[in-house]
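K.L.:
Structure file entry.cif, mmCIF, C-alpha atoms, is pasted below:
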```cif
data_protein
#
loop_
_atom_site.label_atom_id
_atom_site.label_comp_id
_atom_site.auth_asym_id
_atom_site.auth_seq_id
_atom_site.Cartn_x
_atom_site.Cartn_y
_atom_site.Cartn_z
CA MET A 1 9.98 -12.80 -12.70
CA PRO A 2 8.69 -11.36 -9.39
CA TRP A 3 6.31 -8.41 -9.51
CA GLY A 4 8.84 -6.03 -8.02
CA SER A 5 11.26 -6.48 -10.90
CA GLY A 6 8.92 -5.02 -13.52
CA SER A 7 10.23 -2.28 -15.73
CA ILE A 8 9.44 1.39 -15.59
CA ALA A 9 7.77 2.53 -18.79
CA GLY A 10 6.97 6.07 -19.70
CA GLY A 11 9.16 9.06 -19.92
CA GLY A 12 9.10 12.59 -21.07
CA GLY A 13 10.01 15.66 -19.11
CA PRO A 14 9.17 16.72 -15.60
CA GLY A 15 5.61 15.91 -14.63
CA ALA A 16 5.42 12.98 -17.05
CA ALA A 17 3.78 9.97 -15.44
CA GLN A 18 5.79 6.81 -15.11
CA GLN A 19 4.20 3.43 -14.82
CA LEU A 20 5.62 0.41 -13.01
CA SER A 21 4.57 -2.67 -14.89
CA SER A 22 4.20 -6.25 -13.75
CA PRO A 23 4.64 -9.33 -15.89
CA ALA A 24 1.56 -10.63 -17.71
CA PRO A 25 -0.78 -12.79 -15.60
CA ALA A 26 -0.84 -16.55 -15.92
CA PRO A 27 -3.44 -19.08 -14.83
CA GLY A 28 -3.30 -20.24 -11.24
CA LEU A 29 -5.54 -21.91 -8.71
CA PHE A 30 -7.00 -18.53 -7.78
CA GLY A 31 -9.14 -18.30 -10.89
CA GLY A 32 -6.41 -17.38 -13.37
CA ALA A 33 -5.36 -14.22 -11.61
CA CYS A 34 -1.80 -14.96 -10.54
CA GLN A 35 1.56 -13.99 -11.97
CA PRO A 36 3.76 -16.75 -13.41
CA ALA A 37 6.18 -16.69 -10.48
CA PHE A 38 3.34 -17.11 -7.97
CA GLY A 39 1.09 -19.89 -9.31
CA ASP A 40 -1.39 -20.58 -6.51
CA ALA A 41 0.42 -18.17 -4.19
CA CYS A 42 -2.42 -15.66 -4.52
CA ASP A 43 -4.55 -17.83 -2.25
CA ALA A 44 -1.62 -18.05 0.14
CA ALA A 45 -1.11 -14.26 -0.02
CA LEU A 46 -4.74 -13.66 0.87
CA ALA A 47 -4.53 -16.20 3.70
CA ARG A 48 -1.45 -14.40 5.11
CA LEU A 49 -3.06 -11.00 4.69
CA LEU A 50 -6.48 -11.68 6.23
CA PRO A 51 -5.34 -12.08 9.87
CA ARG A 52 -3.49 -8.76 9.71
CA LEU A 53 -6.41 -6.74 8.35
CA SER A 54 -8.68 -4.79 10.63
CA ALA A 55 -12.39 -5.09 9.94
CA ALA A 56 -12.35 -1.58 8.43
CA GLN A 57 -9.40 -2.39 6.15
CA ALA A 58 -11.03 -5.63 5.00
CA ALA A 59 -14.32 -3.85 4.31
CA VAL A 60 -12.66 -1.07 2.28
CA LEU A 61 -10.53 -3.54 0.33
CA SER A 62 -13.59 -5.70 -0.31
CA ARG A 63 -15.56 -2.70 -1.59
CA LEU A 64 -12.71 -1.58 -3.87
CA LEU A 65 -12.32 -5.06 -5.38
CA ALA A 66 -16.09 -5.56 -5.68
CA ASN A 67 -16.44 -2.27 -7.55
CA ALA A 68 -13.50 -3.02 -9.87
CA GLY A 69 -14.53 -6.63 -10.43
CA GLY A 70 -18.25 -5.91 -10.73
CA SER A 71 -17.81 -3.10 -13.26
CA PRO A 72 -14.51 -3.84 -15.05
CA GLY A 73 -15.38 -1.47 -17.88
CA GLU A 74 -15.86 1.51 -15.55
CA PRO A 75 -12.65 3.61 -15.43
CA LYS A 76 -13.54 5.29 -12.11
CA PHE A 77 -13.30 1.91 -10.32
CA ARG A 78 -9.95 1.10 -11.92
CA ARG A 79 -8.10 4.12 -10.54
CA LEU A 80 -7.55 4.36 -6.80
CA ARG A 81 -5.90 7.44 -5.33
CA LEU A 82 -3.38 6.58 -2.65
CA CYS A 83 -3.76 10.05 -1.14
CA ASN A 84 -7.25 9.01 0.06
CA PRO A 85 -6.67 8.10 3.74
CA LYS A 86 -9.05 5.10 3.77
CA VAL A 87 -7.60 3.73 0.53
CA ALA A 88 -4.04 4.30 1.76
CA ASP A 89 -4.79 2.50 5.03
CA ALA A 90 -6.51 -0.45 3.34
CA LEU A 91 -3.89 -0.84 0.62
CA VAL A 92 -0.55 0.50 1.79
CA ALA A 93 -0.59 0.25 5.58
CA SER A 94 -2.12 -3.24 5.47
CA GLY A 95 0.32 -4.58 2.89
CA ALA A 96 -2.52 -5.48 0.49
CA LEU A 97 -1.01 -3.37 -2.28
CA ALA A 98 2.32 -5.18 -2.36
CA GLU A 99 1.07 -8.63 -1.39
CA LEU A 100 -2.21 -8.94 -3.27
CA LEU A 101 -3.20 -6.28 -5.79
CA LEU A 102 0.09 -5.86 -7.66
CA PRO A 103 1.13 -9.51 -7.97
CA CYS A 104 -2.27 -11.21 -8.17
CA PHE A 105 -4.60 -8.87 -10.04
CA ALA A 106 -2.24 -7.10 -12.46
CA TRP A 107 -2.77 -3.66 -10.97
CA THR A 108 0.07 -1.25 -11.61
CA LEU A 109 1.45 1.59 -9.55
CA GLN A 110 1.51 4.90 -11.37
CA GLU A 111 4.00 7.49 -10.23
CA GLU A 112 4.32 11.15 -10.97
CA GLN A 113 7.75 12.68 -10.43
CA GLY A 114 8.80 9.62 -8.44
CA LEU A 115 5.92 9.76 -5.95
CA PRO A 116 3.12 7.19 -5.90
CA GLU A 117 -0.03 8.89 -7.08
CA ALA A 118 -2.62 6.26 -7.91
CA LEU A 119 -3.22 2.59 -8.44
CA ALA A 120 -4.80 1.55 -11.72
CA VAL A 121 -5.72 -1.65 -13.52
CA GLN A 122 -3.28 -2.23 -16.34
CA SER A 123 -5.77 -2.36 -19.22
CA ASP A 124 -9.35 -3.09 -20.17
CA GLU A 125 -8.35 -6.69 -20.95
CA ALA A 126 -6.67 -7.13 -17.55
CA ALA A 127 -9.74 -5.72 -15.81
CA LEU A 128 -12.01 -8.21 -17.57
CA LEU A 129 -9.61 -11.11 -17.01
CA HIS A 130 -9.29 -10.48 -13.29
CA ALA A 131 -12.89 -9.46 -12.54
CA PRO A 132 -14.09 -12.92 -11.35
CA ALA A 133 -11.12 -13.39 -9.02
CA MET A 134 -11.51 -9.85 -7.65
CA LEU A 135 -15.16 -10.55 -6.90
CA ARG A 136 -14.34 -13.86 -5.16
CA THR A 137 -11.66 -12.10 -3.11
CA ALA A 138 -14.08 -9.28 -2.24
CA VAL A 139 -16.53 -11.84 -0.85
CA ARG A 140 -13.80 -13.46 1.27
CA LEU A 141 -12.65 -10.07 2.55
CA GLN A 142 -16.19 -8.99 3.43
CA ALA A 143 -16.72 -12.25 5.29
CA ALA A 144 -13.55 -11.56 7.27
CA ALA A 145 -14.72 -8.02 8.00
CA ASP A 146 -18.14 -9.24 9.14
CA LYS A 147 -16.55 -11.90 11.36
CA SER A 148 -14.30 -9.30 13.02
CA THR A 149 -17.15 -6.97 13.96
#
```
Starting from the file, lay out its structure as structure tokens.
P.N.:
Amino acid sequence: MPWGSGSIAGGGGPGAAQQLSSPAPAPGLFGGACQPAFGDACDAALARLLPRLSAAQAAVLSRLLANAGGSPGEPKFRRLRLCNPKVADALVASGALAELLLPCFAWTLQEEQGLPEALAVQSDEAALLHAPAMLRTAVRLQAAADKST
């Protein structure tokens, strides 16, 4: 099942947060961080994404993944506000959100009243499972950023 066909869980009245969920991760060539429908496509997604990233986008994305992967138990690194201009540019404008974080690292998009509010790792277990792959990706992104400058 592709990441975009996840179900919306949550409910309640107005103001209740809804969470878009992705299928559970399955092992792949990218260090066990890929969804079942992607297999080793996470490496391919990163390869497609890297040439489109500016040095600044790559550096921000690298920092976000390094923080989340380096401290998977720290909640502040597992919640990224899309209203932050640098985060929005690195994740949304670059395509990294849709092409890399959601399908490959089991991040989920949280919405409030139908508007994207933040990006958060699905659970403590998902954060721990994906930490090594996030760190490896952060290193590759930083290398791309350094090469571009």
K.L.:
Using only C-alpha atoms, which residue out of A:Glu74, A:Asp89, A:Asp43, A:Asp146 lies closest to A:Leu61?
P.N.:
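Comparing A:Glu74, A:Asp89, A:Asp43, A:Asp146 against A:Leu61, the winner is A:Asp89.
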K.L.:
Can you tell me how far atom CA of A:Ser71 sits from atom CA of A:Ala127, in Å to one decimal?
P.N.:
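Atom CA of A:Ala127 lies 8.9 Å from atom CA of A:Ser71.
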K.L.:
Please return as a list in words every residue within 8 Å of (-19.5, -8.7, -5.5), taking into account all atoms listed in the file and the file's own coordinates.
P.N.:
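Counting all atoms listed in the file, I find these residues within 8 Å of (-19.5, -8.7, -5.5): Ala66, Asn67, Gly69, Gly70, Leu135, Arg136, Ala138 and Val139 of chain A.
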K.L.:
Could you state the separation of atom CA of A:Phe77 and atom CA of A:Phe105 in Å, given to one decimal place?
P.N.:
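Atom CA of A:Phe77 sits 13.9 Å away from atom CA of A:Phe105.
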K.L.:
A:Ala59: which residues within 10 Å, counting all atoms listed in the file, same-chain residues fewer than 5 positions away excluded, as a PyMOL selection string?
P.N.:
chain A and resi 53-54+64-65+90+138-139+141-146
K.L.:
Can you write just those residues out, C-alpha atoms, as a tab-separated table (two decimals), in the coordinates of the input?
P.N.:
```
chain	number	residue	atom	x	y	z
A	53	LEU	CA	-6.41	-6.74	8.35
A	54	SER	CA	-8.68	-4.79	10.63
A	64	LEU	CA	-12.71	-1.58	-3.87
A	65	LEU	CA	-12.32	-5.06	-5.38
A	90	ALA	CA	-6.51	-0.45	3.34
A	138	ALA	CA	-14.08	-9.28	-2.24
A	139	VAL	CA	-16.53	-11.84	-0.85
A	141	LEU	CA	-12.65	-10.07	2.55
A	142	GLN	CA	-16.19	-8.99	3.43
A	143	ALA	CA	-16.72	-12.25	5.29
A	144	ALA	CA	-13.55	-11.56	7.27
A	145	ALA	CA	-14.72	-8.02	8.00
A	146	ASP	CA	-18.14	-9.24	9.14
```
K.L.:
In Å, with one decimal, what is the gap from atom CA of A:Leu50 to atom CA of A:Ala88?
P.N.:
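Going from atom CA of A:Leu50 over to atom CA of A:Ala88 covers 16.8 Å.
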K.L.:
Considering all atoms listed in the file, state which residue in the set A:Asp124, A:Leu100, A:Ala68, A:Asn84 is at the smallest distance from A:Ala41.
P.N.:
A:Leu100
K.L.:
Out of A:Ala58, A:Met134, A:Ala118, A:Ala45, which residue has the shortest atom-to-atom distance to A:Ser94 when counting all atoms listed in the file?
P.N.:
A:Ala58
